[in-house]
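Peer 1: As input, take input.pdb (PDB, C-alpha atoms):
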```pdb
ATOM      1  CA  MET A   1       0.000   0.000   0.000
ATOM      2  CA  ILE A   2       1.040   3.576  -0.681
ATOM      3  CA  LEU A   3      -0.170   6.248   1.746
ATOM      4  CA  LYS A   4       1.018   9.830   1.502
ATOM      5  CA  MET A   5      -0.245  12.683   3.666
ATOM      6  CA  LEU A   6      -0.072  16.350   2.705
ATOM      7  CA  THR A   7      -1.118  19.095   5.105
ATOM      8  CA  VAL A   8      -2.617  21.820   2.932
ATOM      9  CA  GLY A   9      -4.171  25.254   3.042
ATOM     10  CA  PRO A  10      -4.794  27.795   5.798
ATOM     11  CA  PHE A  11      -6.820  25.273   7.812
ATOM     12  CA  GLN A  12      -3.895  22.795   7.854
ATOM     13  CA  GLU A  13      -6.095  20.014   6.520
ATOM     14  CA  ASN A  14      -4.673  16.555   5.886
ATOM     15  CA  CYS A  15      -5.155  15.340   2.317
ATOM     16  CA  TYR A  16      -4.269  11.716   1.619
ATOM     17  CA  ILE A  17      -3.036   9.967  -1.496
ATOM     18  CA  ILE A  18      -3.718   6.280  -1.063
ATOM     19  CA  GLY A  19      -3.154   3.452  -3.482
ATOM     20  CA  ASP A  20      -2.245  -0.091  -4.324
ATOM     21  CA  GLU A  21       1.411  -0.330  -5.300
ATOM     22  CA  GLU A  22       0.977  -3.542  -7.279
ATOM     23  CA  SER A  23      -1.779  -2.332  -9.600
ATOM     24  CA  GLY A  24      -0.666   1.314  -9.583
ATOM     25  CA  VAL A  25      -4.214   2.526  -8.925
ATOM     26  CA  GLY A  26      -4.763   5.302  -6.396
ATOM     27  CA  ALA A  27      -7.281   7.730  -4.939
ATOM     28  CA  ILE A  28      -7.118  11.191  -3.429
ATOM     29  CA  VAL A  29      -8.989  11.614  -0.160
ATOM     30  CA  ASP A  30     -10.115  15.108   0.887
ATOM     31  CA  PRO A  31      -8.106  17.405  -1.398
ATOM     32  CA  GLY A  32      -8.752  20.599   0.531
ATOM     33  CA  ASP A  33      -6.366  23.066  -1.100
ATOM     34  CA  GLU A  34      -3.084  23.419  -3.007
ATOM     35  CA  ALA A  35      -4.122  21.328  -6.002
ATOM     36  CA  ALA A  36      -0.770  21.783  -7.774
ATOM     37  CA  ARG A  37       1.134  20.500  -4.746
ATOM     38  CA  ILE A  38      -1.185  17.489  -4.470
ATOM     39  CA  ALA A  39      -0.692  16.722  -8.170
ATOM     40  CA  MET A  40       3.093  16.885  -7.738
ATOM     41  CA  ALA A  41       2.856  14.451  -4.836
ATOM     42  CA  VAL A  42       0.744  12.104  -6.981
ATOM     43  CA  GLU A  43       3.481  12.135  -9.627
ATOM     44  CA  GLU A  44       6.015  11.044  -7.004
ATOM     45  CA  THR A  45       3.882   7.986  -6.175
ATOM     46  CA  ASN A  46       3.463   6.930  -9.842
ATOM     47  CA  LEU A  47      -0.175   6.124  -9.066
ATOM     48  CA  GLU A  48      -2.958   6.463 -11.598
ATOM     49  CA  ILE A  49      -5.745   8.335  -9.807
ATOM     50  CA  GLY A  50      -9.074   6.585 -10.284
ATOM     51  CA  SER A  51     -11.237   8.565  -7.852
ATOM     52  CA  ILE A  52     -11.481  11.485  -5.465
ATOM     53  CA  ILE A  53     -13.061  10.423  -2.178
ATOM     54  CA  VAL A  54     -14.591  13.015   0.159
ATOM     55  CA  THR A  55     -15.271  12.402   3.858
ATOM     56  CA  HIS A  56     -17.505  15.490   4.176
ATOM     57  CA  ALA A  57     -18.265  18.752   2.417
ATOM     58  CA  HIS A  58     -16.617  21.410   4.570
ATOM     59  CA  ILE A  59     -14.647  23.886   2.489
ATOM     60  CA  ASP A  60     -11.262  22.876   3.916
ATOM     61  CA  HIS A  61     -11.738  19.310   2.619
ATOM     62  CA  VAL A  62     -12.956  19.995  -0.922
ATOM     63  CA  GLY A  63     -11.264  23.205  -2.053
ATOM     64  CA  ALA A  64      -9.032  21.485  -4.622
ATOM     65  CA  VAL A  65     -11.558  18.973  -5.964
ATOM     66  CA  VAL A  66     -12.550  20.833  -9.144
ATOM     67  CA  VAL A  67      -8.957  21.414 -10.298
ATOM     68  CA  LEU A  68      -7.981  17.799  -9.636
ATOM     69  CA  VAL A  69     -11.045  16.456 -11.454
ATOM     70  CA  ASP A  70      -9.875  18.419 -14.482
ATOM     71  CA  GLU A  71      -6.382  16.984 -14.026
ATOM     72  CA  TYR A  72      -7.343  13.312 -13.639
ATOM     73  CA  ALA A  73     -10.814  13.081 -15.238
ATOM     74  CA  CYS A  74     -11.928  10.885 -12.343
ATOM     75  CA  PRO A  75     -15.213  10.567 -10.428
ATOM     76  CA  VAL A  76     -15.935  12.280  -7.121
ATOM     77  CA  LEU A  77     -17.415  10.051  -4.404
ATOM     78  CA  MET A  78     -19.231  11.177  -1.244
ATOM     79  CA  HIS A  79     -22.337  10.457   0.837
ATOM     80  CA  ALA A  80     -25.641  11.839  -0.448
ATOM     81  CA  GLU A  81     -26.358  13.652   2.832
ATOM     82  CA  ALA A  82     -23.216  15.757   2.323
ATOM     83  CA  GLU A  83     -24.350  17.189  -1.015
ATOM     84  CA  PRO A  84     -26.533  20.041   0.316
ATOM     85  CA  MET A  85     -23.549  21.395   2.235
ATOM     86  CA  LEU A  86     -21.399  21.003  -0.857
ATOM     87  CA  ARG A  87     -23.794  23.277  -2.725
ATOM     88  CA  GLN A  88     -23.383  25.839   0.054
ATOM     89  CA  LEU A  89     -19.621  26.192  -0.460
ATOM     90  CA  PRO A  90     -19.845  29.832  -1.607
ATOM     91  CA  THR A  91     -21.748  30.638   1.604
ATOM     92  CA  GLN A  92     -19.196  28.722   3.690
ATOM     93  CA  ALA A  93     -16.451  30.752   2.036
ATOM     94  CA  MET A  94     -18.188  34.079   2.676
ATOM     95  CA  MET A  95     -18.586  33.226   6.369
ATOM     96  CA  MET A  96     -14.809  32.836   6.574
ATOM     97  CA  GLY A  97     -13.961  35.910   4.538
ATOM     98  CA  MET A  98     -12.983  33.843   1.521
ATOM     99  CA  ARG A  99     -14.189  33.399  -2.043
ATOM    100  CA  PHE A 100     -15.036  30.096  -3.696
ATOM    101  CA  GLY A 101     -15.219  29.382  -7.408
ATOM    102  CA  LYS A 102     -16.932  26.463  -9.098
ATOM    103  CA  VAL A 103     -18.748  23.995  -6.851
ATOM    104  CA  PRO A 104     -17.660  20.379  -7.457
ATOM    105  CA  SER A 105     -20.069  17.824  -8.894
ATOM    106  CA  VAL A 106     -20.563  14.445  -7.245
ATOM    107  CA  ASP A 107     -20.465  11.460  -9.589
ATOM    108  CA  ARG A 108     -21.435   8.720  -7.164
ATOM    109  CA  ASN A 109     -22.899   8.550  -3.685
ATOM    110  CA  VAL A 110     -21.235   6.219  -1.206
ATOM    111  CA  GLU A 111     -23.451   4.316   1.206
ATOM    112  CA  ASP A 112     -22.594   3.096   4.694
ATOM    113  CA  GLU A 113     -20.602  -0.166   4.729
ATOM    114  CA  GLU A 114     -19.757   0.100   1.049
ATOM    115  CA  ILE A 115     -16.442  -1.317  -0.148
ATOM    116  CA  LEU A 116     -14.490   1.059  -2.362
ATOM    117  CA  GLU A 117     -11.876  -0.739  -4.428
ATOM    118  CA  VAL A 118      -8.670   1.175  -5.075
ATOM    119  CA  GLY A 119      -6.803  -1.386  -7.134
ATOM    120  CA  ASP A 120      -6.559  -4.352  -4.769
ATOM    121  CA  LEU A 121      -6.946  -2.095  -1.741
ATOM    122  CA  ASN A 122     -10.374  -2.171  -0.068
ATOM    123  CA  LEU A 123     -11.750   0.826   1.814
ATOM    124  CA  ARG A 124     -14.918   0.195   3.834
ATOM    125  CA  SER A 125     -17.072   3.277   4.370
ATOM    126  CA  LEU A 126     -18.217   3.991   7.926
ATOM    127  CA  TYR A 127     -21.120   6.411   8.320
ATOM    128  CA  THR A 128     -19.959   8.783  11.058
ATOM    129  CA  PRO A 129     -22.109  11.947  11.156
ATOM    130  CA  GLY A 130     -22.062  14.491  13.963
ATOM    131  CA  HIS A 131     -19.307  16.818  12.788
ATOM    132  CA  ALA A 132     -21.034  17.284   9.444
ATOM    133  CA  PRO A 133     -23.983  15.729   7.580
ATOM    134  CA  GLY A 134     -23.098  12.619   5.596
ATOM    135  CA  HIS A 135     -19.649  12.307   7.138
ATOM    136  CA  LEU A 136     -17.826   9.087   6.227
ATOM    137  CA  ALA A 137     -14.668   7.463   7.548
ATOM    138  CA  PHE A 138     -12.843   4.831   5.494
ATOM    139  CA  TYR A 139     -11.418   1.656   7.042
ATOM    140  CA  ALA A 140      -8.720  -0.420   5.363
ATOM    141  CA  GLU A 141      -8.924  -3.564   7.493
ATOM    142  CA  GLU A 142      -6.049  -5.491   5.919
ATOM    143  CA  GLU A 143      -3.735  -2.504   6.332
ATOM    144  CA  GLY A 144      -4.950  -1.765   9.870
ATOM    145  CA  LEU A 145      -5.829   1.878   9.331
ATOM    146  CA  VAL A 146      -8.803   4.201   9.217
ATOM    147  CA  LEU A 147      -9.107   7.593   7.544
ATOM    148  CA  SER A 148     -11.313   9.239  10.149
ATOM    149  CA  GLY A 149     -11.951  12.589   8.482
ATOM    150  CA  ASP A 150     -12.983  15.133  11.119
ATOM    151  CA  ALA A 151     -14.819  12.699  13.387
ATOM    152  CA  LEU A 152     -11.859  11.698  15.576
ATOM    153  CA  PHE A 153      -8.489  13.385  16.142
ATOM    154  CA  ALA A 154      -5.477  12.687  18.323
ATOM    155  CA  GLY A 155      -6.717  13.893  21.703
ATOM    156  CA  SER A 156      -9.871  15.497  20.369
ATOM    157  CA  VAL A 157     -13.024  15.108  18.279
ATOM    158  CA  GLY A 158     -14.628  17.108  15.480
ATOM    159  CA  ARG A 159     -16.226  20.446  16.216
ATOM    160  CA  VAL A 160     -20.017  20.465  16.306
ATOM    161  CA  ASP A 161     -20.802  24.194  16.193
ATOM    162  CA  LEU A 162     -21.190  24.351  12.404
ATOM    163  CA  PRO A 163     -24.508  23.722  10.579
ATOM    164  CA  GLY A 164     -25.567  20.086  10.886
ATOM    165  CA  GLY A 165     -23.269  19.413  13.840
ATOM    166  CA  SER A 166     -24.353  17.472  16.915
ATOM    167  CA  MET A 167     -22.166  16.330  19.823
ATOM    168  CA  GLU A 168     -24.650  13.582  20.717
ATOM    169  CA  VAL A 169     -24.623  12.207  17.164
ATOM    170  CA  LEU A 170     -20.832  12.523  16.913
ATOM    171  CA  MET A 171     -20.218  10.647  20.162
ATOM    172  CA  ARG A 172     -22.542   7.874  19.014
ATOM    173  CA  SER A 173     -20.707   7.678  15.671
ATOM    174  CA  ILE A 174     -17.337   7.422  17.392
ATOM    175  CA  GLU A 175     -18.557   4.837  19.891
ATOM    176  CA  ASP A 176     -20.391   2.629  17.396
ATOM    177  CA  ARG A 177     -18.220   2.924  14.276
ATOM    178  CA  LEU A 178     -14.667   3.836  15.305
ATOM    179  CA  LEU A 179     -14.070   2.547  18.832
ATOM    180  CA  THR A 180     -15.305  -0.872  17.698
ATOM    181  CA  LEU A 181     -12.173  -1.157  15.520
ATOM    182  CA  PRO A 182      -9.102  -2.983  16.901
ATOM    183  CA  ASN A 183      -6.995  -0.992  19.367
ATOM    184  CA  ASP A 184      -3.925  -1.080  17.117
ATOM    185  CA  THR A 185      -5.801   0.468  14.178
ATOM    186  CA  LEU A 186      -3.900   3.529  12.956
ATOM    187  CA  VAL A 187      -6.058   6.656  12.782
ATOM    188  CA  TYR A 188      -5.262   9.174  10.051
ATOM    189  CA  SER A 189      -7.366  12.254  10.753
ATOM    190  CA  GLY A 190      -8.414  15.288   8.761
ATOM    191  CA  HIS A 191      -6.214  17.501  10.940
ATOM    192  CA  GLY A 192      -3.274  16.855  13.237
ATOM    193  CA  PRO A 193      -1.010  13.845  13.820
ATOM    194  CA  ARG A 194      -1.599  10.133  13.464
ATOM    195  CA  THR A 195      -2.860   8.175  16.457
ATOM    196  CA  THR A 196      -4.409   4.774  17.248
ATOM    197  CA  ILE A 197      -7.870   3.679  18.297
ATOM    198  CA  GLY A 198      -6.481   2.232  21.546
ATOM    199  CA  ASN A 199      -4.686   5.441  22.440
ATOM    200  CA  GLU A 200      -7.824   7.505  21.895
ATOM    201  CA  ARG A 201      -9.954   5.042  23.822
ATOM    202  CA  THR A 202      -7.754   5.403  26.905
ATOM    203  CA  SER A 203      -6.467   8.991  26.744
ATOM    204  CA  ASN A 204      -8.771  11.169  24.627
ATOM    205  CA  PRO A 205     -10.470  13.482  27.160
ATOM    206  CA  PHE A 206     -13.650  13.646  25.083
ATOM    207  CA  LEU A 207     -14.061   9.876  25.281
ATOM    208  CA  GLN A 208     -13.655   9.415  29.007
ATOM    209  CA  GLY A 209     -16.498   8.861  31.424
ATOM    210  CA  GLY A 210     -16.875   5.125  31.545
ATOM    211  CA  MET A 211     -18.871   4.345  28.438
ATOM    212  CA  PHE A 212     -15.855   3.594  26.223
TER     213      PHE A 212
END
```
If you convert what's in this file into structure tokens, what do you get?
Peer 2:
Amino acid sequence: MILKMLTVGPFQENCYIIGDEESGVGAIVDPGDEAARIAMAVEETNLEIGSIIVTHAHIDHVGAVVVLVDEYACPVLMHAEAEPMLRQLPTQAMMMGMRFGKVPSVDRNVEDEEILEVGDLNLRSLYTPGHAPGHLAFYAEEEGLVLSGDALFAGSVGRVDLPGGSMEVLMRSIEDRLLTLPNDTLVYSGHGPRTTIGNERTSNPFLQGGMF
């Protein structure tokens, strides 16, 4: 497996290039900004990009999607419940004093528990709303890792004060969909450093209180 992380844009968002070394097929997960830099990193991997996968539709996770679709002529995949927020990208940008150009189109909706094939690499979608509507994490069981988007971070959890956010829903998503993974599962988040499920179970202050 090839996994490359780039921290991009003013929000320091983690974009991932993931792929199957044997087949040479790859995907870009959450290209939030700096499309040219992401494309240069793709060249270094020698992967052929077959899809752009989006965990959720906040501006810091999708800002480079349109440019990279033009570059790779590949489909964009995300959950259907995230699409209304995607259409609100210009409004999201205005709220943050930014401007946003063309809104990306979604080519295929990903359902919960769907297996996305990236070459011979299998990513299982985990429906994890709470931070944002239609939020998905992606679990690669054979590789022992999960791309958690903005649901779970090292020592923290996703913010819930944006439209569609709910701490109750987020905690349930984390408990039911992420903390049920093996303790040694590597967690690659949308922001910040890598961690493990076991480490977050025992030390994340948001997850303490006896129920985890």
Peer 1: Applying 12 Å and only C-alpha atoms, which residues near Ala64 of chain A remain after dropping the ones on its own chain fewer than 3 positions away? List them as an MDAnalysis selection string.
Peer 2: chainID A and resid 8:9 13 15 28:39 52 54 57:61 67:71 76 100:104
Peer 1: List the neighbours of segment 155-172 of chain A out to 9 Å using all atoms listed in the file; skip same-chain residues closer than 2 positions along the sequence, and give me the result as a ChimeraX atom specification.
Peer 2: /A:85,128-133,149-153,174-177,195,199-200,203-207
Peer 1: Calculate how many Å separate atom CA of Gly119 of chain A from atom CA of Ala73 of chain A, rounding to one decimal.
Peer 2: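 Between atom CA of Gly119 of chain A and atom CA of Ala73 of chain A the gap is 17.1 Å.
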Peer 1: List, as a PyMOL selection string, every residue that the PyMOL selection byres ((chain A and resi 139) around 12) selects in the file provided.
Peer 2: chain A and resi 55+112-117+121-128+136-138+140-149+177-178+180-182+185-189+197
Peer 1: Kindly give the distance, in Å, that separates atom CA of Ile18 of chain A and atom CA of Ile2 of chain A, rounded to a single decimal.
Peer 2: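 Straight-line distance from atom CA of Ile18 of chain A to atom CA of Ile2 of chain A works out to 5.5 Å.
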Peer 1: From the list A:Met96, A:Leu89, A:Met5, A:Ala82, which residue is nearest Pro193 of chain A when using all atoms listed in the file?
Peer 2: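 Ranked by minimum distance to Pro193 of chain A, first place goes to A:Met5.
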Peer 1: What separation in Å, quoted to one decimal, exists between atom CA of Glu22 of chain A and atom CA of Ser51 of chain A?
Peer 2: 17.2 Å
Peer 1: I'd like the residues picked by the PyMOL selection byres ((chain A and resi 23) around 10) written out as a list in words, using the chain letters and numbers from the file.
Peer 2: Gly19, Asp20, Glu21, Glu22, Gly24, Val25, Gly26, Leu47, Glu48, Val118, Gly119, Asp120 and Leu121 of chain A
Peer 1: Have a look at A:Gly192, A:Ala154, A:Pro84, A:Gly63 and name the one nearest to Arg99 of chain A; count all atoms listed in the file.
Peer 2: A:Gly63
